[in-house]
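Coordinates from input_33.pdb are shown below (PDB, C-alpha atoms).
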ATOM      1  CA  MET A   1       0.000   0.000   0.000
ATOM      2  CA  ASP A   2       1.474   3.330  -1.044
ATOM      3  CA  ASP A   3       0.448   6.960  -0.527
ATOM      4  CA  ILE A   4      -1.940   6.887  -3.467
ATOM      5  CA  ASP A   5      -3.693   3.845  -2.007
ATOM      6  CA  ARG A   6      -3.976   5.642   1.319
ATOM      7  CA  LYS A   7      -5.505   8.674  -0.364
ATOM      8  CA  ILE A   8      -7.929   6.430  -2.242
ATOM      9  CA  ILE A   9      -9.016   4.776   1.008
ATOM     10  CA  ASN A  10      -9.511   8.141   2.706
ATOM     11  CA  ILE A  11     -11.442   9.653  -0.190
ATOM     12  CA  LEU A  12     -13.644   6.627  -0.740
ATOM     13  CA  GLN A  13     -14.674   6.527   2.916
ATOM     14  CA  THR A  14     -16.202   9.963   2.598
ATOM     15  CA  GLY A  15     -18.294   9.225  -0.468
ATOM     16  CA  PHE A  16     -18.466   8.271  -4.112
ATOM     17  CA  PRO A  17     -20.109  10.426  -6.778
ATOM     18  CA  ILE A  18     -23.303   9.446  -8.554
ATOM     19  CA  CYS A  19     -22.568  10.398 -12.163
ATOM     20  CA  ASP A  20     -21.803   8.741 -15.488
ATOM     21  CA  SER A  21     -18.037   8.460 -14.931
ATOM     22  CA  PRO A  22     -17.487   8.675 -11.181
ATOM     23  CA  TYR A  23     -13.893   7.456 -11.300
ATOM     24  CA  ARG A  24     -12.846  10.188 -13.702
ATOM     25  CA  GLN A  25     -13.653  12.920 -11.191
ATOM     26  CA  LEU A  26     -11.841  11.216  -8.301
ATOM     27  CA  ALA A  27      -8.900  10.198 -10.468
ATOM     28  CA  ALA A  28      -8.352  13.819 -11.440
ATOM     29  CA  GLU A  29      -8.113  14.768  -7.753
ATOM     30  CA  LEU A  30      -5.535  12.025  -7.268
ATOM     31  CA  HIS A  31      -3.601  12.856 -10.454
ATOM     32  CA  ILE A  32      -3.903   9.327 -11.788
ATOM     33  CA  GLY A  33      -5.929   7.817 -14.614
ATOM     34  CA  GLU A  34      -9.418   6.478 -13.993
ATOM     35  CA  THR A  35      -8.353   2.974 -15.052
ATOM     36  CA  GLU A  36      -5.513   3.036 -12.560
ATOM     37  CA  LEU A  37      -7.918   4.153  -9.839
ATOM     38  CA  LEU A  38     -10.305   1.302 -10.609
ATOM     39  CA  ASP A  39      -7.428  -1.209 -10.732
ATOM     40  CA  ARG A  40      -6.140  -0.024  -7.364
ATOM     41  CA  LEU A  41      -9.624  -0.224  -5.886
ATOM     42  CA  LYS A  42      -9.987  -3.808  -7.124
ATOM     43  CA  LYS A  43      -6.650  -4.702  -5.580
ATOM     44  CA  LEU A  44      -7.602  -3.142  -2.229
ATOM     45  CA  LEU A  45     -10.807  -5.195  -2.239
ATOM     46  CA  ASP A  46      -9.018  -8.381  -3.350
ATOM     47  CA  ASN A  47      -6.375  -8.178  -0.657
ATOM     48  CA  GLY A  48      -8.929  -7.359   2.039
ATOM     49  CA  THR A  49      -7.776  -3.818   2.840
ATOM     50  CA  LEU A  50     -11.321  -2.770   1.935
ATOM     51  CA  THR A  51     -14.148  -5.060   2.973
ATOM     52  CA  ARG A  52     -16.907  -3.389   0.966
ATOM     53  CA  PHE A  53     -17.417  -0.829  -1.728
ATOM     54  CA  GLY A  54     -20.832   0.452  -2.683
ATOM     55  CA  PRO A  55     -23.997   1.887  -1.174
ATOM     56  CA  LEU A  56     -24.240   1.367   2.585
ATOM     57  CA  TYR A  57     -27.890   0.822   3.373
ATOM     58  CA  ASN A  58     -29.422   1.945   6.630
ATOM     59  CA  ALA A  59     -31.399  -1.058   7.866
ATOM     60  CA  GLU A  60     -33.547   1.011  10.207
ATOM     61  CA  ARG A  61     -34.618   3.435   7.497
ATOM     62  CA  LEU A  62     -35.691   0.458   5.427
ATOM     63  CA  GLY A  63     -38.168  -0.410   8.149
ATOM     64  CA  GLY A  64     -35.722  -2.957   9.447
ATOM     65  CA  ALA A  65     -34.042  -3.284  12.756
ATOM     66  CA  LEU A  66     -30.596  -3.664  14.258
ATOM     67  CA  THR A  67     -29.300  -4.994  17.472
ATOM     68  CA  LEU A  68     -26.028  -5.827  19.176
ATOM     69  CA  ALA A  69     -25.913  -9.209  20.879
ATOM     70  CA  ALA A  70     -23.340 -11.325  22.652
ATOM     71  CA  VAL A  71     -22.802 -14.884  23.821
ATOM     72  CA  LYS A  72     -20.387 -16.656  26.141
ATOM     73  CA  ALA A  73     -18.839 -19.324  23.933
ATOM     74  CA  PRO A  74     -16.791 -21.986  25.730
ATOM     75  CA  ALA A  75     -13.218 -21.934  24.374
ATOM     76  CA  GLU A  76     -13.333 -25.532  23.161
ATOM     77  CA  CYS A  77     -16.259 -24.874  20.814
ATOM     78  CA  PHE A  78     -15.565 -21.233  19.994
ATOM     79  CA  ASP A  79     -15.048 -21.836  16.254
ATOM     80  CA  ASP A  80     -18.194 -23.923  15.940
ATOM     81  CA  ILE A  81     -20.271 -21.310  17.736
ATOM     82  CA  ALA A  82     -18.782 -18.513  15.614
ATOM     83  CA  GLY A  83     -19.547 -20.562  12.499
ATOM     84  CA  ILE A  84     -23.180 -21.043  13.487
ATOM     85  CA  ILE A  85     -23.602 -17.330  14.186
ATOM     86  CA  ASN A  86     -21.867 -16.320  10.934
ATOM     87  CA  SER A  87     -24.109 -18.641   8.933
ATOM     88  CA  PHE A  88     -27.055 -16.298   9.515
ATOM     89  CA  PRO A  89     -27.297 -13.700   6.736
ATOM     90  CA  GLU A  90     -28.895 -11.412   9.329
ATOM     91  CA  VAL A  91     -25.540 -11.274  11.149
ATOM     92  CA  ALA A  92     -23.823  -8.288   9.541
ATOM     93  CA  HIS A  93     -20.739  -8.016  11.758
ATOM     94  CA  ASN A  94     -19.225 -10.384  14.255
ATOM     95  CA  TYR A  95     -16.226  -9.846  16.528
ATOM     96  CA  ALA A  96     -14.334 -11.952  19.025
ATOM     97  CA  ARG A  97     -13.654  -9.969  22.212
ATOM     98  CA  ASN A  98     -11.547 -10.568  25.306
ATOM     99  CA  HIS A  99     -14.295 -11.045  27.872
ATOM    100  CA  GLU A 100     -16.432 -13.824  29.250
ATOM    101  CA  LEU A 101     -18.975 -12.541  26.727
ATOM    102  CA  ASN A 102     -16.545 -13.349  23.940
ATOM    103  CA  ILE A 103     -18.580 -13.194  20.718
ATOM    104  CA  TRP A 104     -20.314  -9.905  19.854
ATOM    105  CA  PHE A 105     -22.399  -9.556  16.724
ATOM    106  CA  VAL A 106     -24.720  -7.121  15.004
ATOM    107  CA  ILE A 107     -28.000  -8.440  13.656
ATOM    108  CA  ALA A 108     -29.618  -6.384  10.884
ATOM    109  CA  THR A 109     -33.006  -7.427   9.533
ATOM    110  CA  GLU A 110     -35.727  -6.099   7.257
ATOM    111  CA  THR A 111     -38.409  -6.212   9.936
ATOM    112  CA  PRO A 112     -38.190  -5.753  13.723
ATOM    113  CA  GLY A 113     -39.735  -9.177  14.333
ATOM    114  CA  GLN A 114     -36.894 -10.891  12.504
ATOM    115  CA  VAL A 115     -34.386  -9.672  15.087
ATOM    116  CA  GLU A 116     -36.123 -11.621  17.829
ATOM    117  CA  GLN A 117     -36.525 -14.657  15.561
ATOM    118  CA  THR A 118     -32.830 -14.574  14.706
ATOM    119  CA  ILE A 119     -31.843 -14.297  18.362
ATOM    120  CA  GLN A 120     -34.047 -17.245  19.245
ATOM    121  CA  ALA A 121     -32.676 -19.299  16.351
ATOM    122  CA  ILE A 122     -29.091 -18.540  17.397
ATOM    123  CA  ALA A 123     -29.898 -19.462  20.999
ATOM    124  CA  ARG A 124     -31.472 -22.716  19.841
ATOM    125  CA  GLN A 125     -28.675 -23.702  17.460
ATOM    126  CA  THR A 126     -25.823 -22.779  19.806
ATOM    127  CA  GLY A 127     -27.489 -23.825  23.044
ATOM    128  CA  LEU A 128     -26.270 -20.549  24.585
ATOM    129  CA  SER A 129     -28.032 -17.605  26.169
ATOM    130  CA  VAL A 130     -27.982 -14.644  23.798
ATOM    131  CA  TYR A 131     -27.582 -11.275  25.520
ATOM    132  CA  ASN A 132     -29.581  -8.809  23.454
ATOM    133  CA  MET A 133     -28.443  -5.191  23.731
ATOM    134  CA  PRO A 134     -30.453  -3.098  21.269
ATOM    135  CA  LYS A 135     -29.605   0.563  21.303
ATOM    136  CA  ILE A 136     -31.863   2.702  23.446
ATOM    137  CA  LYS A 137     -30.310   5.894  22.110
ATOM    138  CA  GLU A 138     -27.584   6.790  19.635
ATOM    139  CA  TYR A 139     -25.335   9.687  20.626
ATOM    140  CA  PHE A 140     -22.846   9.581  17.781
ATOM    141  CA  VAL A 141     -21.822   7.518  14.771
ATOM    142  CA  ASN A 142     -18.981   8.538  12.531
ATOM    143  CA  LEU A 143     -16.760   5.751  11.450
ATOM    144  CA  VAL A 144     -13.905   6.979   9.296
ATOM    145  CA  PHE A 145     -10.432   5.483   9.645
ATOM    146  CA  LYS A 146      -7.588   7.566   8.324
ATOM    147  CA  ALA A 147      -5.302   5.330   6.270
TER     148      ALA A 147
ATOM    149  CA  MET B   1     -40.912   4.195   0.892
ATOM    150  CA  LEU B   2     -39.174   1.951  -1.578
ATOM    151  CA  ASP B   3     -40.905   0.589  -4.630
ATOM    152  CA  ASP B   4     -39.992  -2.602  -6.482
ATOM    153  CA  THR B   5     -37.449  -0.865  -8.700
ATOM    154  CA  ASP B   6     -35.677   0.627  -5.672
ATOM    155  CA  ARG B   7     -35.610  -2.809  -4.091
ATOM    156  CA  ARG B   8     -34.146  -4.354  -7.230
ATOM    157  CA  ILE B   9     -31.419  -1.716  -7.194
ATOM    158  CA  MET B  10     -30.792  -2.397  -3.512
ATOM    159  CA  HIS B  11     -30.526  -6.140  -4.038
ATOM    160  CA  ALA B  12     -28.166  -5.641  -6.967
ATOM    161  CA  THR B  13     -25.864  -3.339  -4.986
ATOM    162  CA  GLN B  14     -25.898  -4.516  -1.391
ATOM    163  CA  ALA B  15     -22.838  -6.688  -1.976
ATOM    164  CA  GLY B  16     -21.182  -3.759  -3.756
ATOM    165  CA  LEU B  17     -21.147  -1.642  -6.882
ATOM    166  CA  PRO B  18     -20.009  -3.276 -10.128
ATOM    167  CA  LEU B  19     -16.282  -2.657 -10.561
ATOM    168  CA  THR B  20     -16.469  -0.981 -13.951
ATOM    169  CA  LEU B  21     -15.609   2.532 -15.045
ATOM    170  CA  GLU B  22     -19.303   3.297 -15.480
ATOM    171  CA  PRO B  23     -20.845   1.336 -12.607
ATOM    172  CA  TYR B  24     -24.302   2.903 -12.843
ATOM    173  CA  GLN B  25     -24.469   2.104 -16.557
ATOM    174  CA  THR B  26     -23.435  -1.484 -15.799
ATOM    175  CA  LEU B  27     -26.138  -1.738 -13.137
ATOM    176  CA  ALA B  28     -28.701  -0.253 -15.491
ATOM    177  CA  GLU B  29     -27.890  -2.893 -18.103
ATOM    178  CA  GLN B  30     -28.195  -5.667 -15.503
ATOM    179  CA  LEU B  31     -31.568  -4.383 -14.387
ATOM    180  CA  GLY B  32     -33.043  -3.303 -17.731
ATOM    181  CA  LEU B  33     -33.228   0.337 -16.666
ATOM    182  CA  SER B  34     -31.613   3.516 -17.923
ATOM    183  CA  ALA B  35     -28.483   4.761 -16.192
ATOM    184  CA  ASP B  36     -30.281   8.037 -15.456
ATOM    185  CA  GLU B  37     -33.006   6.192 -13.607
ATOM    186  CA  VAL B  38     -30.517   4.166 -11.575
ATOM    187  CA  MET B  39     -28.624   7.330 -10.646
ATOM    188  CA  SER B  40     -31.713   9.342  -9.758
ATOM    189  CA  ARG B  41     -33.079   6.538  -7.580
ATOM    190  CA  LEU B  42     -29.751   6.075  -5.795
ATOM    191  CA  SER B  43     -29.572   9.835  -5.248
ATOM    192  CA  ALA B  44     -33.100   9.862  -3.840
ATOM    193  CA  MET B  45     -32.331   6.945  -1.507
ATOM    194  CA  GLN B  46     -29.215   8.736  -0.332
ATOM    195  CA  ALA B  47     -31.103  11.999   0.214
ATOM    196  CA  GLY B  48     -33.736  10.089   2.197
ATOM    197  CA  GLY B  49     -31.156   8.426   4.424
ATOM    198  CA  ILE B  50     -31.909   4.921   3.150
ATOM    199  CA  ILE B  51     -28.370   4.909   1.800
ATOM    200  CA  ARG B  52     -26.054   6.344   4.454
ATOM    201  CA  ARG B  53     -23.339   6.869   1.873
ATOM    202  CA  ILE B  54     -21.810   5.274  -1.155
ATOM    203  CA  GLY B  55     -18.234   4.429  -0.456
ATOM    204  CA  ALA B  56     -15.668   2.054   0.893
ATOM    205  CA  VAL B  57     -15.424   0.267   4.229
ATOM    206  CA  PRO B  58     -11.855  -0.534   5.239
ATOM    207  CA  ASN B  59     -10.650  -3.424   7.316
ATOM    208  CA  HIS B  60      -9.312  -1.178  10.061
ATOM    209  CA  TYR B  61      -6.903  -3.867  11.283
ATOM    210  CA  GLN B  62      -5.131  -3.710   7.941
ATOM    211  CA  LEU B  63      -4.844   0.067   8.286
ATOM    212  CA  GLY B  64      -2.943  -0.443  11.522
ATOM    213  CA  TYR B  65      -5.857   0.068  13.934
ATOM    214  CA  ARG B  66      -5.104  -3.124  15.785
ATOM    215  CA  PHE B  67      -6.526  -1.987  19.111
ATOM    216  CA  ASN B  68     -10.263  -1.632  18.849
ATOM    217  CA  GLY B  69     -11.893  -1.210  22.186
ATOM    218  CA  MET B  70     -15.544  -1.374  23.017
ATOM    219  CA  THR B  71     -15.546   0.688  26.189
ATOM    220  CA  VAL B  72     -18.553   0.019  28.392
ATOM    221  CA  TRP B  73     -19.580   2.147  31.364
ATOM    222  CA  ASP B  74     -22.049   1.974  34.197
ATOM    223  CA  VAL B  75     -23.452   5.484  34.515
ATOM    224  CA  PRO B  76     -26.619   6.691  36.290
ATOM    225  CA  ASP B  77     -29.634   6.414  33.987
ATOM    226  CA  GLU B  78     -30.807   9.908  34.856
ATOM    227  CA  ARG B  79     -27.546  11.416  33.573
ATOM    228  CA  ILE B  80     -26.892   9.159  30.605
ATOM    229  CA  ASP B  81     -28.238  11.374  27.805
ATOM    230  CA  GLU B  82     -26.159  14.332  28.849
ATOM    231  CA  LEU B  83     -23.039  12.199  29.380
ATOM    232  CA  GLY B  84     -23.511  10.107  26.245
ATOM    233  CA  PHE B  85     -23.699  13.267  24.185
ATOM    234  CA  GLN B  86     -20.450  14.568  25.728
ATOM    235  CA  VAL B  87     -18.635  11.271  25.153
ATOM    236  CA  GLY B  88     -19.914  11.180  21.566
ATOM    237  CA  GLN B  89     -18.305  14.581  20.999
ATOM    238  CA  LEU B  90     -14.821  13.195  21.680
ATOM    239  CA  ALA B  91     -13.067  13.044  18.309
ATOM    240  CA  PHE B  92     -11.738   9.505  18.749
ATOM    241  CA  VAL B  93     -15.118   7.953  19.595
ATOM    242  CA  SER B  94     -16.573   6.352  16.453
ATOM    243  CA  HIS B  95     -19.880   5.145  17.914
ATOM    244  CA  CYS B  96     -21.632   5.941  21.190
ATOM    245  CA  TYR B  97     -24.862   4.335  22.387
ATOM    246  CA  HIS B  98     -27.101   3.838  25.378
ATOM    247  CA  ARG B  99     -27.869   0.105  25.656
ATOM    248  CA  PRO B 100     -29.687  -1.971  28.277
ATOM    249  CA  ARG B 101     -27.968  -3.529  31.275
ATOM    250  CA  HIS B 102     -28.255  -7.239  31.982
ATOM    251  CA  LEU B 103     -28.051  -7.261  35.765
ATOM    252  CA  PRO B 104     -26.396  -8.539  37.793
ATOM    253  CA  GLU B 105     -23.601  -9.663  35.483
ATOM    254  CA  TRP B 106     -23.664  -6.838  32.924
ATOM    255  CA  PRO B 107     -24.115  -3.483  34.682
ATOM    256  CA  TYR B 108     -22.970  -1.331  31.743
ATOM    257  CA  ASN B 109     -25.355   0.988  29.913
ATOM    258  CA  LEU B 110     -23.073   3.348  27.940
ATOM    259  CA  PHE B 111     -21.037   1.989  25.035
ATOM    260  CA  ALA B 112     -18.311   3.974  23.234
ATOM    261  CA  MET B 113     -16.083   2.493  20.524
ATOM    262  CA  VAL B 114     -12.470   3.656  20.353
ATOM    263  CA  HIS B 115      -9.625   2.700  18.034
ATOM    264  CA  GLY B 116      -5.876   3.022  18.214
ATOM    265  CA  LYS B 117      -2.708   1.908  16.514
ATOM    266  CA  ASP B 118      -1.213   0.919  19.840
ATOM    267  CA  ARG B 119      -2.503   0.004  23.238
ATOM    268  CA  ARG B 120      -1.363   3.258  24.811
ATOM    269  CA  ASP B 121      -3.547   5.273  22.414
ATOM    270  CA  VAL B 122      -6.565   3.378  23.643
ATOM    271  CA  ASP B 123      -5.569   3.665  27.308
ATOM    272  CA  GLU B 124      -5.367   7.436  26.906
ATOM    273  CA  GLN B 125      -8.722   7.543  25.184
ATOM    274  CA  VAL B 126     -10.306   5.513  27.976
ATOM    275  CA  GLN B 127      -8.842   7.923  30.508
ATOM    276  CA  GLN B 128     -10.306  10.890  28.633
ATOM    277  CA  ILE B 129     -13.747   9.298  28.680
ATOM    278  CA  ALA B 130     -13.345   8.593  32.400
ATOM    279  CA  ASP B 131     -12.472  12.271  32.903
ATOM    280  CA  VAL B 132     -15.658  13.342  31.127
ATOM    281  CA  LEU B 133     -17.767  10.990  33.240
ATOM    282  CA  GLY B 134     -16.099  11.883  36.557
ATOM    283  CA  ASP B 135     -18.050  10.524  39.529
ATOM    284  CA  CYS B 136     -20.688   9.133  37.189
ATOM    285  CA  ASP B 137     -18.212   6.392  36.156
ATOM    286  CA  ARG B 138     -19.430   3.715  38.555
ATOM    287  CA  GLY B 139     -17.405   1.039  36.786
ATOM    288  CA  HIS B 140     -16.128   0.319  33.319
ATOM    289  CA  GLU B 141     -14.408  -2.277  31.172
ATOM    290  CA  VAL B 142     -12.670  -2.251  27.804
ATOM    291  CA  LEU B 143     -13.445  -5.206  25.546
ATOM    292  CA  TYR B 144     -10.837  -5.445  22.830
ATOM    293  CA  SER B 145     -11.737  -7.133  19.594
ATOM    294  CA  THR B 146      -9.340  -9.995  19.047
ATOM    295  CA  LYS B 147     -10.621 -11.058  15.643
ATOM    296  CA  ILE B 148     -13.087  -9.997  12.969
ATOM    297  CA  LEU B 149     -15.292 -13.056  12.540
ATOM    298  CA  LYS B 150     -17.560 -11.462   9.917
ATOM    299  CA  LYS B 151     -18.008  -8.065   8.306
ATOM    300  CA  THR B 152     -20.466  -8.010   5.448
ATOM    301  CA  GLY B 153     -22.798  -5.158   6.341
ATOM    302  CA  PHE B 154     -26.556  -5.228   6.086
ATOM    303  CA  ARG B 155     -28.009  -7.593   3.469
ATOM    304  CA  SER B 156     -31.621  -8.322   2.926
ATOM    305  CA  ARG B 157     -32.527 -11.905   2.024
TER     306      ARG B 157
END
Take the structure from the file and write it as structure tokens.
Amino acid sequence: MDDIDRKIINILQTGFPICDSPYRQLAAELHIGETELLDRLKKLLDNGTLTRFGPLYNAERLGGALTLAAVKAPAECFDDIAGIINSFPEVAHNYARNHELNIWFVIATETPGQVEQTIQAIARQTGLSVYNMPKIKEYFVNLVFKA
Amino acid sequence: MLDDTDRRIMHATQAGLPLTLEPYQTLAEQLGLSADEVMSRLSAMQAGGIIRRIGAVPNHYQLGYRFNGMTVWDVPDERIDELGFQVGQLAFVSHCYHRPRHLPEWPYNLFAMVHGKDRRDVDEQVQQIADVLGDCDRGHEVLYSTKILKKTGFRSR
């Protein structure tokens, strides 16, 4: 990853134009060609530096729902439990954390009822209690990582 | 709300935009629409907040943010809105929420995510949050993420 890649990552976190040739405009700012920009973007996605590129949909505005939930997975079956949780398409993010509650995941669904169904299904399939921690209030969200 | 065409656009793009020089034209061809219609509908969804933004999501570990702490705090319910707002104003806090306790084992009701390239960065950030909370910090923990198990974002079935 070089300085141009870093600039690409920083620019693309703040937004991407909606126009016929969106890369042309950004490439001009970066003083590279639009084909080079697209090639670099592909490489950053291929090597996992970027996990997604495209519209980020707001589940709640779609009438859907989100929650944060956690389980206490015994160490000896951690991978199996993580695999079960990841197998649900409703699980958007999932992180291992250093706590007795060691698997923390975000469930995003199209309807509020599906959150509860997903939690129950995860509890059933893992045999674990699922600690549901839906947000009561959001004070701030601004996730931009400077590369 | 969304009509069928919006939903088709959403389904076609929730895994990402086509990686072509004219991505909206490519989408339009896939969906049997005009590029202008695809662009105007995406713009409308963005203006309405259905699309938060169009852009890239980095793997922050690969950018060197190896210390990602979910800081969790037990603060008095009657003060939480005021305190949550102040914590959310700290530049290094990426998300800040009020969430329910699960007593007795989980007494924490204020969650603030912080990120650093080394452990000391995060320790300093935690201290700054503690300073903001003062006596209202009745206990806290920092849960570091040790591994990303999944990061796909919202997808509808």
B:Leu63, B:Tyr144, B:Leu33, B:Leu133: which is nearest B:Asp81, counting all atoms listed in the file?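 Using all atoms listed in the file, the shortest distance to B:Asp81 belongs to B:Leu133.
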Which protein, DNA or RNA residues are at most 6 Å from (-18.6, 2.0, 22.7) in the file's coordinates when you count only C-alpha atoms, listed as a list in words?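 Every residue inside that radius is included here: Met70, Thr71, His95, Cys96, Phe111, Ala112 and Met113 of chain B.
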Taking the file above as input, evaluate the ChimeraX specification (/B :<7) & /A and report the hits as a count of residues only. 50
Using only C-alpha atoms, which residue out of A:Ala82, A:Ile107, A:Ala121, A:Leu30 lies closest to A:Gly64?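 Going through A:Ala82, A:Ile107, A:Ala121, A:Leu30 one by one, the smallest distance to A:Gly64 is for A:Ile107.
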Hey, what's within 10 Å of A:Ala27 if we count only C-alpha atoms and toss same-chain stuff fewer than 5 positions away? As a PyMOL selection string, please? chain A and resi 8+22+32-38
Let me have the centre and edge lengths of the axis-aligned box enclosing all listed atoms of stretch 76-80 of chain B with 4 Å padding on every side, in Å to one decimal, as AutoDock Vina command-line options.
--center_x -28.7 --center_y 8.9 --center_z 33.4 --size_x 12.2 --size_y 13.0 --size_z 13.7
Go ahead and compute the interatomic distance for atom CA of B:Asp137 and atom CA of A:Lys72, in Å to one decimal.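 For atom CA of B:Asp137 relative to atom CA of A:Lys72, the distance reads 25.2 Å.
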Evaluating the PyMOL selection byres ((chain A and resi 123-130) around 7) on the displayed file yields which residues, as a PyMOL selection string? chain A and resi 69-71+81+119-122+131-132
For atom CA of A:Glu90 and atom CA of A:Pro112, quote the distance in Å rounded to one decimal. 11.7 Å
Distance of atom CA of A:Glu60 from atom CA of B:Thr26, expressed in Å to one decimal place: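 Going from atom CA of B:Thr26 over to atom CA of A:Glu60 covers 28.0 Å.
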